[in-house]
file data-v3.pdb (PDB, C-alpha atoms, pLDDT in the B column)
MODEL        1
ATOM      1  CA  MET A  21      -4.423  32.386 -23.146  1.00 46.00           C
ATOM      2  CA  ASN A  22      -5.037  28.637 -22.827  1.00 49.00           C
ATOM      3  CA  THR A  23      -1.823  26.909 -23.877  1.00 50.00           C
ATOM      4  CA  HIS A  24      -2.977  23.394 -23.029  1.00 54.00           C
ATOM      5  CA  LEU A  25      -3.429  20.994 -25.923  1.00 53.00           C
ATOM      6  CA  ASN A  26      -7.194  20.532 -25.822  1.00 57.00           C
ATOM      7  CA  ILE A  27      -8.846  17.516 -27.403  1.00 52.00           C
ATOM      8  CA  ARG A  28     -11.241  19.810 -29.307  1.00 55.00           C
ATOM      9  CA  SER A  29      -8.311  21.293 -31.249  1.00 54.00           C
ATOM     10  CA  TRP A  30      -7.341  17.940 -32.781  1.00 50.00           C
ATOM     11  CA  ALA A  31      -8.358  16.649 -36.184  1.00 49.00           C
ATOM     12  CA  GLU A  32     -11.817  15.143 -35.805  1.00 47.00           C
ATOM     13  CA  GLU A  33     -10.671  11.595 -36.597  1.00 44.00           C
ATOM     14  CA  ASP A  34      -8.055  11.841 -33.807  1.00 56.00           C
ATOM     15  CA  ARG A  35     -10.440  12.956 -31.052  1.00 82.00           C
ATOM     16  CA  PRO A  36     -11.210  10.184 -28.553  1.00 89.00           C
ATOM     17  CA  ARG A  37     -14.789  11.383 -28.022  1.00 89.00           C
ATOM     18  CA  GLU A  38     -15.567  11.387 -31.729  1.00 89.00           C
ATOM     19  CA  LYS A  39     -13.771   8.065 -32.153  1.00 90.00           C
ATOM     20  CA  LEU A  40     -15.950   6.554 -29.427  1.00 90.00           C
ATOM     21  CA  LEU A  41     -19.114   7.831 -31.127  1.00 90.00           C
ATOM     22  CA  THR A  42     -18.202   6.752 -34.645  1.00 88.00           C
ATOM     23  CA  LYS A  43     -16.228   3.557 -34.045  1.00 87.00           C
ATOM     24  CA  GLY A  44     -17.381   2.368 -30.615  1.00 88.00           C
ATOM     25  CA  LYS A  45     -15.891   2.341 -27.121  1.00 89.00           C
ATOM     26  CA  SER A  46     -13.953  -0.884 -27.663  1.00 87.00           C
ATOM     27  CA  THR A  47     -11.763   0.781 -30.321  1.00 89.00           C
ATOM     28  CA  LEU A  48     -10.283   3.276 -27.852  1.00 92.00           C
ATOM     29  CA  SER A  49      -7.007   2.576 -26.082  1.00 93.00           C
ATOM     30  CA  ASP A  50      -6.725   2.914 -22.305  1.00 94.00           C
ATOM     31  CA  ALA A  51      -4.888   6.216 -22.828  1.00 94.00           C
ATOM     32  CA  GLU A  52      -7.678   7.553 -25.040  1.00 94.00           C
ATOM     33  CA  LEU A  53     -10.350   6.608 -22.499  1.00 95.00           C
ATOM     34  CA  LEU A  54      -8.405   8.336 -19.721  1.00 96.00           C
ATOM     35  CA  ALA A  55      -7.879  11.360 -21.983  1.00 95.00           C
ATOM     36  CA  ILE A  56     -11.643  11.782 -22.296  1.00 94.00           C
ATOM     37  CA  LEU A  57     -11.775  12.059 -18.501  1.00 95.00           C
ATOM     38  CA  ILE A  58      -9.129  14.786 -18.224  1.00 94.00           C
ATOM     39  CA  GLY A  59     -10.009  16.712 -21.400  1.00 91.00           C
ATOM     40  CA  SER A  60      -6.689  18.501 -21.934  1.00 90.00           C
ATOM     41  CA  GLY A  61      -2.969  18.010 -21.535  1.00 90.00           C
ATOM     42  CA  THR A  62      -0.140  20.511 -21.112  1.00 90.00           C
ATOM     43  CA  ARG A  63       1.564  23.056 -23.365  1.00 89.00           C
ATOM     44  CA  SER A  64       3.906  20.379 -24.700  1.00 89.00           C
ATOM     45  CA  MET A  65       1.845  17.211 -24.283  1.00 90.00           C
ATOM     46  CA  SER A  66      -1.606  16.174 -25.468  1.00 91.00           C
ATOM     47  CA  ALA A  67      -4.126  14.624 -23.099  1.00 92.00           C
ATOM     48  CA  VAL A  68      -3.551  11.214 -24.677  1.00 93.00           C
ATOM     49  CA  ASP A  69       0.234  11.509 -24.347  1.00 93.00           C
ATOM     50  CA  LEU A  70      -0.137  12.610 -20.729  1.00 95.00           C
ATOM     51  CA  CYS A  71      -2.308   9.569 -20.035  1.00 95.00           C
ATOM     52  CA  LYS A  72       0.210   7.340 -21.811  1.00 95.00           C
ATOM     53  CA  GLN A  73       2.819   8.702 -19.379  1.00 96.00           C
ATOM     54  CA  ILE A  74       0.614   7.843 -16.394  1.00 96.00           C
ATOM     55  CA  LEU A  75       0.014   4.353 -17.782  1.00 96.00           C
ATOM     56  CA  HIS A  76       3.721   3.797 -18.475  1.00 96.00           C
ATOM     57  CA  HIS A  77       4.566   4.847 -14.908  1.00 95.00           C
ATOM     58  CA  ASN A  78       2.140   2.145 -13.711  1.00 94.00           C
ATOM     59  CA  ASP A  79       3.360  -0.643 -16.039  1.00 93.00           C
ATOM     60  CA  ASN A  80       0.294  -0.082 -18.271  1.00 92.00           C
ATOM     61  CA  ASP A  81      -1.795  -1.635 -15.511  1.00 91.00           C
ATOM     62  CA  LEU A  82      -5.160   0.020 -14.867  1.00 90.00           C
ATOM     63  CA  ASN A  83      -5.417  -1.859 -11.568  1.00 85.00           C
ATOM     64  CA  LYS A  84      -2.375   0.051 -10.307  1.00 88.00           C
ATOM     65  CA  ILE A  85      -3.845   3.368 -11.442  1.00 93.00           C
ATOM     66  CA  ALA A  86      -7.108   2.445  -9.689  1.00 90.00           C
ATOM     67  CA  ARG A  87      -5.175   2.232  -6.415  1.00 87.00           C
ATOM     68  CA  MET A  88      -3.634   5.702  -6.808  1.00 92.00           C
ATOM     69  CA  THR A  89      -4.845   8.567  -4.633  1.00 93.00           C
ATOM     70  CA  VAL A  90      -5.714  12.077  -5.805  1.00 95.00           C
ATOM     71  CA  SER A  91      -2.434  13.419  -4.424  1.00 95.00           C
ATOM     72  CA  GLU A  92      -0.423  10.700  -6.184  1.00 96.00           C
ATOM     73  CA  LEU A  93      -2.039  11.497  -9.537  1.00 96.00           C
ATOM     74  CA  MET A  94      -1.373  15.204  -9.027  1.00 96.00           C
ATOM     75  CA  ARG A  95       2.363  14.510  -9.083  1.00 96.00           C
ATOM     76  CA  PHE A  96       2.090  14.271 -12.866  1.00 96.00           C
ATOM     77  CA  LYS A  97       2.521  17.634 -14.567  1.00 95.00           C
ATOM     78  CA  GLY A  98      -0.795  18.592 -16.115  1.00 95.00           C
ATOM     79  CA  ILE A  99      -2.940  16.686 -13.613  1.00 96.00           C
ATOM     80  CA  GLY A 100      -4.609  19.065 -11.200  1.00 96.00           C
ATOM     81  CA  GLU A 101      -7.034  18.253  -8.440  1.00 96.00           C
ATOM     82  CA  ALA A 102     -10.146  18.259 -10.674  1.00 96.00           C
ATOM     83  CA  LYS A 103      -8.585  15.909 -13.239  1.00 96.00           C
ATOM     84  CA  ALA A 104      -7.262  13.598 -10.530  1.00 96.00           C
ATOM     85  CA  ILE A 105     -10.704  13.434  -8.920  1.00 97.00           C
ATOM     86  CA  SER A 106     -12.260  12.574 -12.302  1.00 96.00           C
ATOM     87  CA  ILE A 107      -9.844   9.669 -12.785  1.00 96.00           C
ATOM     88  CA  VAL A 108     -10.256   8.339  -9.234  1.00 95.00           C
ATOM     89  CA  SER A 109     -14.065   8.599  -9.408  1.00 95.00           C
ATOM     90  CA  ALA A 110     -14.312   6.847 -12.781  1.00 94.00           C
ATOM     91  CA  LEU A 111     -12.085   3.956 -11.743  1.00 91.00           C
ATOM     92  CA  GLU A 112     -13.925   3.598  -8.424  1.00 88.00           C
ATOM     93  CA  LEU A 113     -17.210   3.287 -10.331  1.00 88.00           C
ATOM     94  CA  GLY A 114     -15.591   0.588 -12.440  1.00 85.00           C
ATOM     95  CA  ARG A 115     -14.463  -1.224  -9.295  1.00 76.00           C
ATOM     96  CA  ARG A 116     -17.968  -1.145  -7.832  1.00 76.00           C
ATOM     97  CA  ARG A 117     -19.520  -2.527 -10.996  1.00 71.00           C
ATOM     98  CA  LYS A 118     -20.787  -6.029 -10.297  1.00 59.00           C
ATOM     99  CA  PRO A 119     -19.502  -8.626 -12.758  1.00 56.00           C
ATOM    100  CA  GLU A 120     -22.131 -10.411 -14.819  1.00 47.00           C
ATOM    101  CA  GLY A 121     -22.894 -14.008 -13.997  1.00 41.00           C
ATOM    102  CA  LYS A 122     -21.694 -13.834 -10.382  1.00 55.00           C
ATOM    103  CA  ASN A 123     -25.092 -13.943  -8.701  1.00 64.00           C
ATOM    104  CA  ILE A 124     -24.208 -16.894  -6.496  1.00 74.00           C
ATOM    105  CA  SER A 125     -26.890 -18.082  -4.085  1.00 85.00           C
ATOM    106  CA  ARG A 126     -25.143 -21.183  -2.707  1.00 90.00           C
ATOM    107  CA  ILE A 127     -21.529 -21.916  -1.779  1.00 95.00           C
ATOM    108  CA  THR A 128     -20.236 -25.205  -3.172  1.00 94.00           C
ATOM    109  CA  CYS A 129     -16.492 -24.444  -3.133  1.00 95.00           C
ATOM    110  CA  SER A 130     -14.000 -21.731  -2.225  1.00 96.00           C
ATOM    111  CA  THR A 131     -14.213 -20.268  -5.741  1.00 94.00           C
ATOM    112  CA  ASP A 132     -17.887 -19.458  -5.173  1.00 95.00           C
ATOM    113  CA  ALA A 133     -16.980 -17.454  -2.071  1.00 95.00           C
ATOM    114  CA  TYR A 134     -14.133 -15.731  -3.924  1.00 94.00           C
ATOM    115  CA  ASN A 135     -16.446 -14.733  -6.774  1.00 92.00           C
ATOM    116  CA  ILE A 136     -18.813 -13.108  -4.286  1.00 91.00           C
ATOM    117  CA  LEU A 137     -16.144 -11.293  -2.292  1.00 92.00           C
ATOM    118  CA  SER A 138     -13.550 -10.317  -4.886  1.00 90.00           C
ATOM    119  CA  PRO A 139     -15.608  -7.469  -6.425  1.00 86.00           C
ATOM    120  CA  LEU A 140     -16.071  -6.024  -2.940  1.00 86.00           C
ATOM    121  CA  MET A 141     -12.378  -5.964  -2.036  1.00 85.00           C
ATOM    122  CA  ARG A 142     -10.267  -5.749  -5.189  1.00 80.00           C
ATOM    123  CA  ASP A 143      -8.171  -2.598  -5.665  1.00 78.00           C
ATOM    124  CA  LEU A 144      -8.718  -1.450  -2.077  1.00 83.00           C
ATOM    125  CA  PRO A 145      -5.681   0.398  -0.625  1.00 82.00           C
ATOM    126  CA  HIS A 146      -6.569  -0.792   2.896  1.00 87.00           C
ATOM    127  CA  GLU A 147      -7.587  -4.045   4.572  1.00 91.00           C
ATOM    128  CA  GLU A 148     -11.228  -4.966   5.102  1.00 93.00           C
ATOM    129  CA  PHE A 149     -12.758  -7.979   6.846  1.00 94.00           C
ATOM    130  CA  TRP A 150     -15.918  -9.526   5.423  1.00 96.00           C
ATOM    131  CA  VAL A 151     -18.143 -12.416   6.480  1.00 96.00           C
ATOM    132  CA  ILE A 152     -20.485 -14.506   4.332  1.00 96.00           C
ATOM    133  CA  LEU A 153     -23.420 -15.758   6.398  1.00 97.00           C
ATOM    134  CA  LEU A 154     -24.806 -19.146   5.344  1.00 97.00           C
ATOM    135  CA  ASN A 155     -27.910 -21.209   6.067  1.00 96.00           C
ATOM    136  CA  ARG A 156     -27.953 -24.982   6.676  1.00 94.00           C
ATOM    137  CA  GLN A 157     -27.763 -25.722   2.948  1.00 94.00           C
ATOM    138  CA  ASN A 158     -24.785 -23.348   2.537  1.00 95.00           C
ATOM    139  CA  GLY A 159     -27.110 -20.864   0.867  1.00 95.00           C
ATOM    140  CA  VAL A 160     -25.918 -17.269   1.047  1.00 95.00           C
ATOM    141  CA  ILE A 161     -27.909 -15.182   3.511  1.00 95.00           C
ATOM    142  CA  LYS A 162     -25.783 -12.055   3.313  1.00 93.00           C
ATOM    143  CA  SER A 163     -22.223 -10.728   2.916  1.00 93.00           C
ATOM    144  CA  ILE A 164     -21.281  -8.205   5.599  1.00 93.00           C
ATOM    145  CA  LYS A 165     -18.222  -6.030   6.183  1.00 93.00           C
ATOM    146  CA  THR A 166     -17.252  -6.238   9.851  1.00 92.00           C
ATOM    147  CA  SER A 167     -14.218  -3.951   9.938  1.00 89.00           C
ATOM    148  CA  SER A 168     -11.936  -1.703   7.916  1.00 84.00           C
ATOM    149  CA  GLY A 169      -8.335  -0.849   8.732  1.00 76.00           C
ATOM    150  CA  GLY A 170      -5.019   0.308   7.342  1.00 65.00           C
ATOM    151  CA  VAL A 171      -2.632  -0.955   4.703  1.00 61.00           C
ATOM    152  CA  SER A 172      -1.210  -3.723   6.873  1.00 59.00           C
ATOM    153  CA  GLY A 173      -4.117  -4.838   9.021  1.00 63.00           C
ATOM    154  CA  THR A 174      -7.590  -4.437  10.457  1.00 71.00           C
ATOM    155  CA  VAL A 175      -9.013  -5.174  13.903  1.00 77.00           C
ATOM    156  CA  VAL A 176     -11.647  -7.911  13.998  1.00 86.00           C
ATOM    157  CA  ASP A 177     -13.883  -8.559  16.998  1.00 89.00           C
ATOM    158  CA  PRO A 178     -15.242 -12.143  17.059  1.00 91.00           C
ATOM    159  CA  LYS A 179     -18.213 -10.910  19.113  1.00 93.00           C
ATOM    160  CA  ILE A 180     -19.323  -8.708  16.205  1.00 92.00           C
ATOM    161  CA  VAL A 181     -18.895 -11.563  13.727  1.00 94.00           C
ATOM    162  CA  PHE A 182     -21.131 -13.896  15.709  1.00 95.00           C
ATOM    163  CA  LYS A 183     -23.644 -11.215  16.697  1.00 94.00           C
ATOM    164  CA  MET A 184     -24.270 -10.710  12.982  1.00 94.00           C
ATOM    165  CA  ALA A 185     -24.473 -14.470  12.469  1.00 95.00           C
ATOM    166  CA  ILE A 186     -26.995 -14.908  15.290  1.00 95.00           C
ATOM    167  CA  ASP A 187     -29.032 -11.845  14.209  1.00 95.00           C
ATOM    168  CA  HIS A 188     -29.428 -13.410  10.744  1.00 95.00           C
ATOM    169  CA  THR A 189     -29.930 -16.977  12.071  1.00 95.00           C
ATOM    170  CA  ALA A 190     -26.857 -18.165  10.199  1.00 96.00           C
ATOM    171  CA  SER A 191     -25.773 -21.793  10.489  1.00 96.00           C
ATOM    172  CA  GLY A 192     -22.220 -21.191   9.270  1.00 96.00           C
ATOM    173  CA  VAL A 193     -19.830 -18.438   8.233  1.00 97.00           C
ATOM    174  CA  ILE A 194     -17.013 -17.892   5.764  1.00 98.00           C
ATOM    175  CA  LEU A 195     -14.414 -15.328   6.789  1.00 97.00           C
ATOM    176  CA  SER A 196     -12.422 -13.194   4.390  1.00 96.00           C
ATOM    177  CA  HIS A 197     -10.003 -10.301   4.304  1.00 95.00           C
ATOM    178  CA  ASN A 198      -7.819  -8.731   1.643  1.00 93.00           C
ATOM    179  CA  HIS A 199      -4.071  -8.151   1.454  1.00 93.00           C
ATOM    180  CA  PRO A 200      -3.410  -4.867  -0.421  1.00 89.00           C
ATOM    181  CA  SER A 201       0.255  -5.904  -0.653  1.00 87.00           C
ATOM    182  CA  GLY A 202      -0.702  -8.737  -3.004  1.00 88.00           C
ATOM    183  CA  ASN A 203       0.837 -11.365  -0.705  1.00 91.00           C
ATOM    184  CA  LEU A 204      -1.435 -14.416  -0.560  1.00 92.00           C
ATOM    185  CA  LYS A 205       0.381 -16.095   2.330  1.00 92.00           C
ATOM    186  CA  PRO A 206      -1.466 -15.891   5.675  1.00 92.00           C
ATOM    187  CA  SER A 207       0.447 -14.257   8.496  1.00 92.00           C
ATOM    188  CA  GLN A 208       0.726 -15.784  11.954  1.00 93.00           C
ATOM    189  CA  ALA A 209      -1.754 -13.143  13.120  1.00 91.00           C
ATOM    190  CA  ASP A 210      -4.184 -14.294  10.399  1.00 93.00           C
ATOM    191  CA  LEU A 211      -3.891 -17.913  11.532  1.00 94.00           C
ATOM    192  CA  GLN A 212      -4.247 -17.052  15.229  1.00 94.00           C
ATOM    193  CA  LEU A 213      -7.323 -14.909  14.577  1.00 93.00           C
ATOM    194  CA  THR A 214      -8.882 -17.670  12.501  1.00 95.00           C
ATOM    195  CA  ARG A 215      -8.345 -20.229  15.273  1.00 95.00           C
ATOM    196  CA  LYS A 216      -9.851 -17.835  17.817  1.00 94.00           C
ATOM    197  CA  ILE A 217     -12.974 -17.223  15.719  1.00 95.00           C
ATOM    198  CA  LYS A 218     -13.240 -20.917  14.818  1.00 96.00           C
ATOM    199  CA  GLU A 219     -13.176 -21.933  18.505  1.00 95.00           C
ATOM    200  CA  ALA A 220     -15.888 -19.391  19.311  1.00 95.00           C
ATOM    201  CA  GLY A 221     -17.955 -20.717  16.423  1.00 95.00           C
ATOM    202  CA  LEU A 222     -17.758 -24.268  17.749  1.00 95.00           C
ATOM    203  CA  LEU A 223     -19.115 -23.129  21.119  1.00 95.00           C
ATOM    204  CA  LEU A 224     -21.982 -21.262  19.453  1.00 95.00           C
ATOM    205  CA  GLU A 225     -22.623 -24.049  16.923  1.00 95.00           C
ATOM    206  CA  VAL A 226     -21.945 -21.637  14.065  1.00 96.00           C
ATOM    207  CA  PRO A 227     -18.932 -23.247  12.369  1.00 96.00           C
ATOM    208  CA  VAL A 228     -16.311 -21.337  10.415  1.00 97.00           C
ATOM    209  CA  LEU A 229     -16.204 -23.132   7.053  1.00 97.00           C
ATOM    210  CA  ASP A 230     -13.324 -21.220   5.467  1.00 98.00           C
ATOM    211  CA  HIS A 231     -11.193 -18.102   5.627  1.00 98.00           C
ATOM    212  CA  LEU A 232     -10.154 -16.536   2.331  1.00 97.00           C
ATOM    213  CA  ILE A 233      -7.286 -14.112   1.777  1.00 96.00           C
ATOM    214  CA  ILE A 234      -8.024 -12.071  -1.333  1.00 95.00           C
ATOM    215  CA  THR A 235      -5.679 -10.053  -3.551  1.00 91.00           C
ATOM    216  CA  ASN A 236      -5.995  -8.606  -7.048  1.00 85.00           C
ATOM    217  CA  ASN A 237      -4.221 -11.699  -8.377  1.00 85.00           C
ATOM    218  CA  GLY A 238      -6.228 -14.466  -6.735  1.00 92.00           C
ATOM    219  CA  TYR A 239      -7.036 -15.938  -3.347  1.00 95.00           C
ATOM    220  CA  PHE A 240      -5.841 -18.304  -0.614  1.00 96.00           C
ATOM    221  CA  SER A 241      -8.354 -20.664   0.999  1.00 97.00           C
ATOM    222  CA  MET A 242      -7.401 -21.891   4.459  1.00 97.00           C
ATOM    223  CA  ALA A 243      -9.859 -24.783   4.120  1.00 96.00           C
ATOM    224  CA  ASP A 244      -8.437 -25.864   0.761  1.00 96.00           C
ATOM    225  CA  GLU A 245      -4.867 -25.597   2.045  1.00 95.00           C
ATOM    226  CA  GLY A 246      -5.585 -27.507   5.268  1.00 94.00           C
ATOM    227  CA  VAL A 247      -4.704 -24.696   7.686  1.00 93.00           C
ATOM    228  CA  LEU A 248      -8.199 -23.796   8.901  1.00 90.00           C
TER     229      LEU A 248
ENDMDL
END
call {"tool": "encode", "arguments": {"input": "data-v3.pdb", "output": "structure tokens"}}
result
Amino acid sequence: MNTHLNIRSWAEEDRPREKLLTKGKSTLSDAELLAILIGSGTRSMSAVDLCKQILHHNDNDLNKIARMTVSELMRFKGIGEAKAISIVSALELGRRRKPEGKNISRITCSTDAYNILSPLMRDLPHEEFWVILLNRQNGVIKSIKTSSGGVSGTVVDPKIVFKMAIDHTASGVILSHNHPSGNLKPSQADLQLTRKIKEAGLLLEVPVLDHLIITNNGYFSMADEGVL
């Protein structure tokens, strides 16, 4: 006997799926949208109430839920592996969705670089290092990930950075990495690495124009702050 409170057993006007169809997706709460993903709750809790519990545990912040792993979601009673995978997959698709109006072809300020890179690195549970390759007019040639690491760091090889720059005939580069911790302040290791790559760029006549540290709450530009 299935003792879970299934969405199909609710009054029609209370079902998130039917509500989405009749009233539109924007009328659904975050809990109702998540409930559609998991389908059912537990013997004592509806799918919506279970999702409200998950949201409450994460300060009603979908960005925090997006950073949860399958095993972390499975700690909630009523969330098995299949439901956890559904939530993780849906939020990952949302993360990969490119924001409208961010098709930037030329860098004029640090915000332009941030708008290109933020969708690539937000919500990541680990550090990644990316490089924007630029032509002589600061036009964007390509954005490339050069390395991926753990929660607290990633290894970056300057030789790889400049091999990519030379392969694409880049005239300048903008460096960037994310801090999953949310801390925007550059570490001493960040500053030392930047100096090392900058010095190599001067020798190769491929200058480093900036180094951005990106978090879910904003960014730090070494060029803007005078520490490049």
call {"tool": "resolve_selection", "arguments": {"input": "data-v3.pdb", "expression": "the PyMOL selection byres ((chain A and resi 126-138) around 10)", "output": "ChimeraX atom specification"}}
result
/A:118-119,121-125,139-143,150-152,154-155,157-161,163-164,194-198,229-236,238-244
call {"tool": "atom_distance", "arguments": {"input": "data-v3.pdb", "atom1": "CA of Val90 in chain A", "atom2": "CA of Gly59 in chain A"}}
result
16.8 Å
call {"tool": "residues_around", "arguments": {"input": "data-v3.pdb", "residues": "Pro178 in chain A", "least_positions_apart": "3", "cutoff": "7 Å", "atoms": "only C-alpha atoms", "output": "MDAnalysis selection string"}}
result
chainID A and resid 181:182 217
call {"tool": "atom_distance", "arguments": {"input": "data-v3.pdb", "atom1": "CA of Ser49 in chain A", "atom2": "CA of Thr89 in chain A"}}
result
22.4 Å
call {"tool": "resolve_selection", "arguments": {"input": "data-v3.pdb", "expression": "the PyMOL selection byres ((chain A and resi 226) around 7)", "output": "count of residues only"}}
result
9
call {"tool": "closest_residue", "arguments": {"input": "data-v3.pdb", "among": "A:Leu144, A:Ala102, A:Leu113, A:Ile58", "to": "Met88 in chain A", "atoms": "only C-alpha atoms"}}
result
A:Leu144
call {"tool": "atom_distance", "arguments": {"input": "data-v3.pdb", "atom1": "CA of Arg37 in chain A", "atom2": "CA of Leu54 in chain A"}}
result
10.9 Å
call {"tool": "residues_around", "arguments": {"input": "data-v3.pdb", "residues": "Ile107 in chain A", "least_positions_apart": "5", "cutoff": "12 Å", "atoms": "all atoms listed in the file", "output": "number ranges by chain"}}
result
A: 51, 53-59, 71, 74, 82, 85-94, 99-102, 112-114
